[in-house]
$ cat run_29.pdb   # PDB, C-alpha atoms and all ligand atoms
ATOM      1  CA  MET A  30       0.000   0.000   0.000  1.00  0.00           C
ATOM      2  CA  ASN A  31       1.199   3.538  -0.725  1.00  0.00           C
ATOM      3  CA  ILE A  32       1.414   5.723   2.376  1.00  0.00           C
ATOM      4  CA  LEU A  33       1.102   9.504   2.355  1.00  0.00           C
ATOM      5  CA  TYR A  34       2.033  11.567   5.390  1.00  0.00           C
ATOM      6  CA  SER A  35       0.017  14.713   5.064  1.00  0.00           C
ATOM      7  CA  TYR A  36      -1.347  17.740   6.853  1.00  0.00           C
ATOM      8  CA  ARG A  37      -4.812  18.804   5.830  1.00  0.00           C
ATOM      9  CA  ARG A  38      -4.188  22.559   5.673  1.00  0.00           C
ATOM     10  CA  CYS A  39      -0.704  22.458   4.155  1.00  0.00           C
ATOM     11  CA  PRO A  40      -0.778  23.839   0.586  1.00  0.00           C
ATOM     12  CA  TYR A  41       2.076  21.570  -0.508  1.00  0.00           C
ATOM     13  CA  ALA A  42       0.221  18.545   0.820  1.00  0.00           C
ATOM     14  CA  MET A  43      -2.968  19.731  -0.914  1.00  0.00           C
ATOM     15  CA  ARG A  44      -1.348  19.792  -4.341  1.00  0.00           C
ATOM     16  CA  ALA A  45       0.061  16.303  -3.780  1.00  0.00           C
ATOM     17  CA  ARG A  46      -3.281  14.937  -2.556  1.00  0.00           C
ATOM     18  CA  MET A  47      -5.064  16.465  -5.548  1.00  0.00           C
ATOM     19  CA  ALA A  48      -2.717  14.829  -8.040  1.00  0.00           C
ATOM     20  CA  ILE A  49      -3.030  11.466  -6.279  1.00  0.00           C
ATOM     21  CA  ALA A  50      -6.837  11.756  -6.219  1.00  0.00           C
ATOM     22  CA  TYR A  51      -6.955  12.836  -9.866  1.00  0.00           C
ATOM     23  CA  ALA A  52      -4.829   9.849 -10.814  1.00  0.00           C
ATOM     24  CA  ASN A  53      -7.138   7.654  -8.764  1.00  0.00           C
ATOM     25  CA  ILE A  54      -4.284   6.069  -6.852  1.00  0.00           C
ATOM     26  CA  ALA A  55      -5.059   4.342  -3.567  1.00  0.00           C
ATOM     27  CA  VAL A  56      -3.020   5.666  -0.657  1.00  0.00           C
ATOM     28  CA  GLU A  57      -3.258   5.384   3.073  1.00  0.00           C
ATOM     29  CA  THR A  58      -3.310   9.045   4.077  1.00  0.00           C
ATOM     30  CA  ARG A  59      -1.840   9.656   7.498  1.00  0.00           C
ATOM     31  CA  GLU A  60      -2.858  13.035   8.909  1.00  0.00           C
ATOM     32  CA  ILE A  61      -0.035  14.269  11.120  1.00  0.00           C
ATOM     33  CA  ALA A  62       0.324  16.950  13.769  1.00  0.00           C
ATOM     34  CA  LEU A  63       3.197  19.228  12.737  1.00  0.00           C
ATOM     35  CA  ARG A  64       4.252  19.570  16.385  1.00  0.00           C
ATOM     36  CA  ASN A  65       4.362  15.840  16.976  1.00  0.00           C
ATOM     37  CA  LYS A  66       5.551  14.183  13.784  1.00  0.00           C
ATOM     38  CA  PRO A  67       5.398  10.399  13.554  1.00  0.00           C
ATOM     39  CA  LYS A  68       8.751   8.708  14.138  1.00  0.00           C
ATOM     40  CA  HIS A  69       8.354   6.600  11.035  1.00  0.00           C
ATOM     41  CA  MET A  70       7.911   9.708   8.878  1.00  0.00           C
ATOM     42  CA  LEU A  71      11.084  11.260  10.317  1.00  0.00           C
ATOM     43  CA  GLN A  72      12.967   8.000   9.849  1.00  0.00           C
ATOM     44  CA  VAL A  73      12.216   7.894   6.139  1.00  0.00           C
ATOM     45  CA  SER A  74      12.445  11.667   5.621  1.00  0.00           C
ATOM     46  CA  PRO A  75      14.490  13.405   8.323  1.00  0.00           C
ATOM     47  CA  LYS A  76      13.829  16.901   6.911  1.00  0.00           C
ATOM     48  CA  GLY A  77      10.410  16.630   8.505  1.00  0.00           C
ATOM     49  CA  THR A  78       8.164  18.328   5.945  1.00  0.00           C
ATOM     50  CA  VAL A  79       4.887  17.085   4.533  1.00  0.00           C
ATOM     51  CA  PRO A  80       3.891  15.697   2.139  1.00  0.00           C
ATOM     52  CA  VAL A  81       5.918  12.475   2.248  1.00  0.00           C
ATOM     53  CA  LEU A  82       4.946   9.559   0.035  1.00  0.00           C
ATOM     54  CA  ILE A  83       6.227   6.035   0.581  1.00  0.00           C
ATOM     55  CA  THR A  84       5.272   3.999  -2.434  1.00  0.00           C
ATOM     56  CA  SER A  85       4.258   0.373  -2.255  1.00  0.00           C
ATOM     57  CA  SER A  86       7.705  -0.490  -3.633  1.00  0.00           C
ATOM     58  CA  GLY A  87       9.384   1.426  -0.784  1.00  0.00           C
ATOM     59  CA  GLU A  88      10.455   4.538  -2.682  1.00  0.00           C
ATOM     60  CA  VAL A  89      10.328   7.717  -0.568  1.00  0.00           C
ATOM     61  CA  ILE A  90       9.255  10.940  -2.311  1.00  0.00           C
ATOM     62  CA  ASP A  91       9.271  13.948  -0.031  1.00  0.00           C
ATOM     63  CA  GLU A  92       8.773  16.906  -2.367  1.00  0.00           C
ATOM     64  CA  SER A  93       5.239  17.856  -3.362  1.00  0.00           C
ATOM     65  CA  LEU A  94       6.013  18.524  -7.027  1.00  0.00           C
ATOM     66  CA  GLU A  95       7.761  15.185  -7.370  1.00  0.00           C
ATOM     67  CA  ILE A  96       4.769  13.455  -5.807  1.00  0.00           C
ATOM     68  CA  MET A  97       2.523  15.176  -8.369  1.00  0.00           C
ATOM     69  CA  HIS A  98       4.695  13.980 -11.250  1.00  0.00           C
ATOM     70  CA  TRP A  99       4.863  10.474  -9.814  1.00  0.00           C
ATOM     71  CA  ALA A 100       1.064  10.308  -9.524  1.00  0.00           C
ATOM     72  CA  LEU A 101       0.413  11.591 -13.035  1.00  0.00           C
ATOM     73  CA  GLN A 102       2.934   9.250 -14.601  1.00  0.00           C
ATOM     74  CA  GLN A 103       1.826   6.184 -12.636  1.00  0.00           C
ATOM     75  CA  GLN A 104      -1.607   6.066 -14.146  1.00  0.00           C
ATOM     76  CA  GLY A 105      -0.827   7.550 -17.517  1.00  0.00           C
ATOM     77  CA  VAL A 106      -3.164  10.474 -16.736  1.00  0.00           C
ATOM     78  CA  GLU A 107      -0.758  12.931 -18.205  1.00  0.00           C
ATOM     79  CA  GLY A 108      -3.373  15.472 -19.301  1.00  0.00           C
ATOM     80  CA  TRP A 109      -2.185  17.787 -16.574  1.00  0.00           C
ATOM     81  CA  LEU A 110       1.276  17.692 -18.129  1.00  0.00           C
ATOM     82  CA  GLN A 111       0.098  18.745 -21.578  1.00  0.00           C
ATOM     83  CA  TYR A 112       1.502  22.265 -21.295  1.00  0.00           C
ATOM     84  CA  ASN A 113       4.527  21.260 -19.279  1.00  0.00           C
ATOM     85  CA  ASN A 114       7.114  23.770 -20.468  1.00  0.00           C
ATOM     86  CA  GLU A 115       9.461  26.496 -19.308  1.00  0.00           C
ATOM     87  CA  GLN A 116       6.580  28.761 -18.340  1.00  0.00           C
ATOM     88  CA  THR A 117       5.177  26.022 -16.081  1.00  0.00           C
ATOM     89  CA  GLN A 118       8.504  25.760 -14.275  1.00  0.00           C
ATOM     90  CA  GLN A 119       8.835  29.536 -13.973  1.00  0.00           C
ATOM     91  CA  LEU A 120       5.351  30.018 -12.547  1.00  0.00           C
ATOM     92  CA  ILE A 121       5.829  27.255 -10.003  1.00  0.00           C
ATOM     93  CA  ALA A 122       9.272  28.571  -9.036  1.00  0.00           C
ATOM     94  CA  GLU A 123       7.884  32.082  -8.553  1.00  0.00           C
ATOM     95  CA  ASN A 124       4.979  30.703  -6.536  1.00  0.00           C
ATOM     96  CA  ASP A 125       7.128  28.567  -4.257  1.00  0.00           C
ATOM     97  CA  GLY A 126       9.762  31.295  -3.948  1.00  0.00           C
ATOM     98  CA  HIS A 127       8.871  34.977  -3.930  1.00  0.00           C
ATOM     99  CA  PHE A 128       5.105  34.583  -3.715  1.00  0.00           C
ATOM    100  CA  LYS A 129       5.171  32.098  -0.826  1.00  0.00           C
ATOM    101  CA  ALA A 130       7.521  34.427   1.087  1.00  0.00           C
ATOM    102  CA  ALA A 131       5.189  37.388   0.479  1.00  0.00           C
ATOM    103  CA  LEU A 132       2.179  35.264   1.464  1.00  0.00           C
ATOM    104  CA  ASP A 133       3.748  34.291   4.794  1.00  0.00           C
ATOM    105  CA  ALA A 134       4.755  37.884   5.531  1.00  0.00           C
ATOM    106  CA  TYR A 135       1.266  39.163   4.625  1.00  0.00           C
ATOM    107  CA  LYS A 136      -0.488  36.476   6.659  1.00  0.00           C
ATOM    108  CA  TYR A 137       1.801  36.582   9.687  1.00  0.00           C
ATOM    109  CA  TYR A 138       2.727  40.268   9.404  1.00  0.00           C
ATOM    110  CA  GLU A 139       3.423  40.595  13.151  1.00  0.00           C
ATOM    111  CA  ARG A 140       6.441  38.341  12.590  1.00  0.00           C
ATOM    112  CA  PHE A 141       7.675  40.460   9.668  1.00  0.00           C
ATOM    113  CA  PRO A 142       7.662  43.995  11.090  1.00  0.00           C
ATOM    114  CA  GLU A 143      10.134  45.411   8.560  1.00  0.00           C
ATOM    115  CA  LYS A 144       7.151  46.317   6.372  1.00  0.00           C
ATOM    116  CA  THR A 145       3.454  46.979   6.877  1.00  0.00           C
ATOM    117  CA  GLN A 146       0.928  44.274   6.127  1.00  0.00           C
ATOM    118  CA  THR A 147      -0.227  46.260   3.102  1.00  0.00           C
ATOM    119  CA  ALA A 148       3.325  46.466   1.787  1.00  0.00           C
ATOM    120  CA  HIS A 149       3.727  42.704   2.192  1.00  0.00           C
ATOM    121  CA  ARG A 150       0.453  42.257   0.348  1.00  0.00           C
ATOM    122  CA  ALA A 151       1.687  44.496  -2.450  1.00  0.00           C
ATOM    123  CA  ASP A 152       4.767  42.241  -2.795  1.00  0.00           C
ATOM    124  CA  GLY A 153       2.462  39.300  -3.361  1.00  0.00           C
ATOM    125  CA  GLU A 154       0.206  41.208  -5.716  1.00  0.00           C
ATOM    126  CA  VAL A 155       2.860  41.250  -8.417  1.00  0.00           C
ATOM    127  CA  PHE A 156       2.108  37.553  -8.849  1.00  0.00           C
ATOM    128  CA  LEU A 157      -1.665  38.089  -8.704  1.00  0.00           C
ATOM    129  CA  GLN A 158      -1.342  40.585 -11.556  1.00  0.00           C
ATOM    130  CA  LYS A 159       0.660  38.102 -13.588  1.00  0.00           C
ATOM    131  CA  LEU A 160      -1.949  35.355 -13.111  1.00  0.00           C
ATOM    132  CA  GLU A 161      -4.826  37.745 -13.825  1.00  0.00           C
ATOM    133  CA  SER A 162      -3.219  38.638 -17.122  1.00  0.00           C
ATOM    134  CA  LEU A 163      -2.703  34.953 -18.058  1.00  0.00           C
ATOM    135  CA  LEU A 164      -6.382  34.341 -17.333  1.00  0.00           C
ATOM    136  CA  GLN A 165      -7.461  37.096 -19.730  1.00  0.00           C
ATOM    137  CA  THR A 166      -6.946  34.785 -22.657  1.00  0.00           C
ATOM    138  CA  ASN A 167      -7.655  31.378 -21.157  1.00  0.00           C
ATOM    139  CA  ARG A 168      -9.875  29.846 -18.536  1.00  0.00           C
ATOM    140  CA  TYR A 169      -6.875  28.154 -16.916  1.00  0.00           C
ATOM    141  CA  LEU A 170      -3.361  29.443 -16.435  1.00  0.00           C
ATOM    142  CA  GLN A 171      -1.788  27.789 -19.451  1.00  0.00           C
ATOM    143  CA  GLY A 172      -4.732  27.082 -21.716  1.00  0.00           C
ATOM    144  CA  SER A 173      -8.336  25.996 -21.940  1.00  0.00           C
ATOM    145  CA  GLN A 174      -7.704  22.883 -19.827  1.00  0.00           C
ATOM    146  CA  LEU A 175      -6.806  22.450 -16.198  1.00  0.00           C
ATOM    147  CA  SER A 176      -3.157  21.502 -15.803  1.00  0.00           C
ATOM    148  CA  MET A 177      -0.366  20.922 -13.322  1.00  0.00           C
ATOM    149  CA  VAL A 178       0.337  24.611 -12.827  1.00  0.00           C
ATOM    150  CA  ASP A 179      -3.231  25.420 -11.753  1.00  0.00           C
ATOM    151  CA  ILE A 180      -3.157  22.707  -9.126  1.00  0.00           C
ATOM    152  CA  ALA A 181       0.367  23.516  -7.963  1.00  0.00           C
ATOM    153  CA  LEU A 182      -0.458  27.207  -7.430  1.00  0.00           C
ATOM    154  CA  PHE A 183      -4.031  27.305  -6.332  1.00  0.00           C
ATOM    155  CA  PRO A 184      -3.698  26.227  -2.655  1.00  0.00           C
ATOM    156  CA  PHE A 185      -1.315  29.149  -2.130  1.00  0.00           C
ATOM    157  CA  MET A 186      -3.587  31.642  -3.885  1.00  0.00           C
ATOM    158  CA  ARG A 187      -6.479  30.356  -1.783  1.00  0.00           C
ATOM    159  CA  GLN A 188      -4.500  31.227   1.341  1.00  0.00           C
ATOM    160  CA  PHE A 189      -3.601  34.655   0.007  1.00  0.00           C
ATOM    161  CA  ALA A 190      -7.223  35.449  -0.857  1.00  0.00           C
ATOM    162  CA  GLY A 191      -8.338  34.092   2.516  1.00  0.00           C
ATOM    163  CA  VAL A 192      -6.264  36.547   4.555  1.00  0.00           C
ATOM    164  CA  ASP A 193      -8.779  39.302   3.698  1.00  0.00           C
ATOM    165  CA  THR A 194     -11.561  37.956   1.530  1.00  0.00           C
ATOM    166  CA  ALA A 195     -13.389  41.284   1.318  1.00  0.00           C
ATOM    167  CA  TRP A 196     -10.256  42.999   0.008  1.00  0.00           C
ATOM    168  CA  PHE A 197      -9.610  40.208  -2.517  1.00  0.00           C
ATOM    169  CA  GLU A 198     -13.166  40.265  -3.857  1.00  0.00           C
ATOM    170  CA  ALA A 199     -13.120  44.063  -4.169  1.00  0.00           C
ATOM    171  CA  SER A 200      -9.748  44.076  -5.967  1.00  0.00           C
ATOM    172  CA  ALA A 201      -8.993  44.080  -9.643  1.00  0.00           C
ATOM    173  CA  TYR A 202      -8.641  40.308 -10.039  1.00  0.00           C
ATOM    174  CA  PRO A 203     -12.009  39.126 -11.382  1.00  0.00           C
ATOM    175  CA  LYS A 204     -10.594  36.352 -13.561  1.00  0.00           C
ATOM    176  CA  LEU A 205      -8.379  35.105 -10.774  1.00  0.00           C
ATOM    177  CA  SER A 206     -11.315  35.157  -8.393  1.00  0.00           C
ATOM    178  CA  THR A 207     -13.423  33.024 -10.774  1.00  0.00           C
ATOM    179  CA  TRP A 208     -10.528  30.625 -11.343  1.00  0.00           C
ATOM    180  CA  LEU A 209     -10.088  30.270  -7.584  1.00  0.00           C
ATOM    181  CA  LYS A 210     -13.795  29.738  -6.901  1.00  0.00           C
ATOM    182  CA  ASN A 211     -14.021  27.028  -9.558  1.00  0.00           C
ATOM    183  CA  LEU A 212     -11.139  25.148  -8.011  1.00  0.00           C
ATOM    184  CA  VAL A 213     -12.306  25.584  -4.424  1.00  0.00           C
ATOM    185  CA  ARG A 214     -15.748  24.252  -5.384  1.00  0.00           C
ATOM    186  CA  SER A 215     -14.395  21.361  -7.437  1.00  0.00           C
ATOM    187  CA  GLU A 216     -15.145  17.802  -6.364  1.00  0.00           C
ATOM    188  CA  LEU A 217     -11.443  17.109  -6.472  1.00  0.00           C
ATOM    189  CA  PHE A 218     -10.666  19.758  -3.866  1.00  0.00           C
ATOM    190  CA  ILE A 219     -13.668  19.004  -1.655  1.00  0.00           C
ATOM    191  CA  GLY A 220     -12.658  15.333  -1.724  1.00  0.00           C
ATOM    192  CA  ILE A 221      -9.108  15.939  -0.548  1.00  0.00           C
ATOM    193  CA  MET A 222     -10.224  18.280   2.239  1.00  0.00           C
ATOM    194  CA  GLN A 223     -12.258  15.633   4.092  1.00  0.00           C
ATOM    195  CA  LYS A 224     -11.286  15.664   7.749  1.00  0.00           C
ATOM    196  CA  ARG A 225      -9.583  12.594   9.113  1.00  0.00           C
ATOM    197  CA  PRO A 226      -8.361  11.724  12.574  1.00  0.00           C
ATOM    198  CA  SER A 227      -4.697  12.316  13.397  1.00  0.00           C
ATOM    199  CA  TYR A 228      -2.393   9.395  12.871  1.00  0.00           C
ATOM    200  CA  ILE A 229      -0.383   8.280  15.879  1.00  0.00           C
ATOM    201  CA  ASP A 230       2.457   5.778  15.471  1.00  0.00           C
TER     202      ASP A 230
HETATM  203  N1  LIG B   1       9.411  21.871  -0.604  1.00  0.00           N
HETATM  204  C1  LIG B   1       8.487  21.120   0.209  1.00  0.00           C
HETATM  205  C2  LIG B   1       7.866  22.042   1.250  1.00  0.00           C
HETATM  206  C3  LIG B   1       6.887  21.339   2.178  1.00  0.00           C
HETATM  207  C4  LIG B   1       6.610  22.155   3.442  1.00  0.00           C
HETATM  208  O1  LIG B   1       7.305  23.136   3.740  1.00  0.00           O
HETATM  209  N2  LIG B   1       5.594  21.736   4.224  1.00  0.00           N
HETATM  210  C5  LIG B   1       5.354  22.384   5.503  1.00  0.00           C
HETATM  211  C6  LIG B   1       3.898  22.411   5.900  1.00  0.00           C
HETATM  212  S1  LIG B   1       2.919  23.377   4.801  1.00  0.00           S
HETATM  213  C7  LIG B   1       6.037  21.583   6.595  1.00  0.00           C
HETATM  214  O2  LIG B   1       5.947  20.381   6.624  1.00  0.00           O
HETATM  215  N3  LIG B   1       6.759  22.277   7.501  1.00  0.00           N
HETATM  216  C8  LIG B   1       7.432  21.622   8.576  1.00  0.00           C
HETATM  217  C9  LIG B   1       6.960  22.083   9.909  1.00  0.00           C
HETATM  218  O3  LIG B   1       6.128  22.999   9.994  1.00  0.00           O
HETATM  219  O4  LIG B   1       7.437  21.519  10.904  1.00  0.00           O
HETATM  220  C10 LIG B   1       7.462  20.451  -0.687  1.00  0.00           C
HETATM  221  O5  LIG B   1       7.173  21.015  -1.761  1.00  0.00           O
HETATM  222  O6  LIG B   1       6.964  19.353  -0.365  1.00  0.00           O
END
$ encode --input "run_29.pdb" --output "structure tokens"
Amino acid sequence: MNILYSYRRCPYAMRARMAIAYANIAVETREIALRNKPKHMLQVSPKGTVPVLITSSGEVIDESLEIMHWALQQQGVEGWLQYNNEQTQQLIAENDGHFKAALDAYKYYERFPEKTQTAHRADGEVFLQKLESLLQTNRYLQGSQLSMVDIALFPFMRQFAGVDTAWFEASAYPKLSTWLKNLVRSELFIGIMQKRPSYID
């Protein structure tokens, strides 16, 4: 059996769970507490981040993007990889780098007092503007079909929008807002957000 150590609200774990669910792969999902990580998880992946996948053949994959690729390739459901190109890599790198840093500073602004919360938000908005402009021409970020990049980015954008929903809805990102709503309401997302009891080893 494949085992996935996960944390429900972690955006990296969400993208991995979505790819696994989309590929219809059976996994035993083990919901962890970040403050009390299972020993077995730390044994196989000492860096201590989720998600961590241990495949039925014993391979350990402890990076969310690699888990996504593994899932898509396993089942030959490579539709999400149809636009896989340099732009995909750049968008994901910007998301996981600069945008994630701005998101954390905006969300937990008390811990980042070098700038105001609004200034932190403005740092993140550069990325919102970029995505809004990509969505002018297409329903999804890289074309008319949902793909890897949408799934990889959307849990982070959901968090950003959720810091101040009223501000986000009143801002100049109508396409992004529709894109986000469609994903949040999707069966795929609702399915992976089911609550499960914490795993204790
Ligand atoms: N590069 C990793 C990042 C994963 C990550 O940072 N996950 C966070 C939770 S969202 C975590 O496990 N942090 C460790 C901790 O809080 O102790 C990936 O893409 O899988």
$ residues_around --input "run_29.pdb" --residues "Leu101 (chain A)" --least-positions-apart "4" --cutoff "9 Å" --atoms "all atoms listed in the file" --output "number ranges by chain"
A: 48-49, 51-52, 96-97, 105-110
$ resolve_selection --input "run_29.pdb" --expression "the PyMOL selection byres (((chain A and resi 89) around 12) and not hetatm)" --output "tab-separated table (two decimals) with C-alpha atoms, in the coordinates of the input"
chain	number	residue	atom	x	y	z
A	31	ASN	CA	1.20	3.54	-0.72
A	32	ILE	CA	1.41	5.72	2.38
A	33	LEU	CA	1.10	9.50	2.36
A	34	TYR	CA	2.03	11.57	5.39
A	69	HIS	CA	8.35	6.60	11.04
A	70	MET	CA	7.91	9.71	8.88
A	71	LEU	CA	11.08	11.26	10.32
A	72	GLN	CA	12.97	8.00	9.85
A	73	VAL	CA	12.22	7.89	6.14
A	74	SER	CA	12.44	11.67	5.62
A	75	PRO	CA	14.49	13.40	8.32
A	79	VAL	CA	4.89	17.08	4.53
A	80	PRO	CA	3.89	15.70	2.14
A	81	VAL	CA	5.92	12.48	2.25
A	82	LEU	CA	4.95	9.56	0.04
A	83	ILE	CA	6.23	6.04	0.58
A	84	THR	CA	5.27	4.00	-2.43
A	85	SER	CA	4.26	0.37	-2.26
A	86	SER	CA	7.70	-0.49	-3.63
A	87	GLY	CA	9.38	1.43	-0.78
A	88	GLU	CA	10.46	4.54	-2.68
A	90	ILE	CA	9.26	10.94	-2.31
A	91	ASP	CA	9.27	13.95	-0.03
A	92	GLU	CA	8.77	16.91	-2.37
A	93	SER	CA	5.24	17.86	-3.36
A	95	GLU	CA	7.76	15.18	-7.37
A	96	ILE	CA	4.77	13.46	-5.81
A	99	TRP	CA	4.86	10.47	-9.81
$ closest_residue --input "run_29.pdb" --among "A:Ala55, A:Asp133, A:Phe128, A:Pro142" --to "Val155 (chain A)" --atoms "only C-alpha atoms"
A:Phe128
$ resolve_selection --input "run_29.pdb" --expression "the PyMOL selection byres (((chain A and resi 174) around 12) and not hetatm)" --output "PyMOL selection string"
chain A and resi 108-112+164+167-173+175-180+208
$ closest_residue --input "run_29.pdb" --among "A:Gln118, A:Gln102, A:Lys68, A:Ala181" --to "ligand LIG 1 (chain B)" --atoms "all atoms listed in the file"
A:Ala181
$ atom_distance --input "run_29.pdb" --atom1 "CA of Ala42 (chain A)" --atom2 "CA of Tyr137 (chain A)"
20.2 Å
$ closest_residue --input "run_29.pdb" --among "A:Gln103, A:His127, A:Tyr36, A:Met47" --to "Val213 (chain A)" --atoms "only C-alpha atoms"
A:Met47
$ axis_aligned_box --input "run_29.pdb" --around "ligand LIG 1 (chain B)" --padding-each-side "3 Å" --output "lines of an AutoDock Vina configuration file"
center_x = 6.2
center_y = 21.4
center_z = 4.6
size_x = 12.5
size_y = 10.0
size_z = 18.7
$ residues_around --input "run_29.pdb" --residues "Ala131 (chain A)" --least-positions-apart "6" --cutoff "7 Å" --atoms "all atoms listed in the file" --output "PDB file with C-alpha atoms, in the coordinates of the input"
ATOM      1  CA  HIS A 149       3.727  42.704   2.192  1.00  0.00           C
ATOM      2  CA  ARG A 150       0.453  42.257   0.348  1.00  0.00           C
ATOM      3  CA  ASP A 152       4.767  42.241  -2.795  1.00  0.00           C
ATOM      4  CA  GLY A 153       2.462  39.300  -3.361  1.00  0.00           C
TER       5      GLY A 153
END
$ atom_distance --input "run_29.pdb" --atom1 "atom N3 of ligand LIG 1 (chain B)" --atom2 "CA of Met43 (chain A)"
13.1 Å
$ atom_distance --input "run_29.pdb" --atom1 "CA of Asn65 (chain A)" --atom2 "CA of Ser227 (chain A)"
10.4 Å
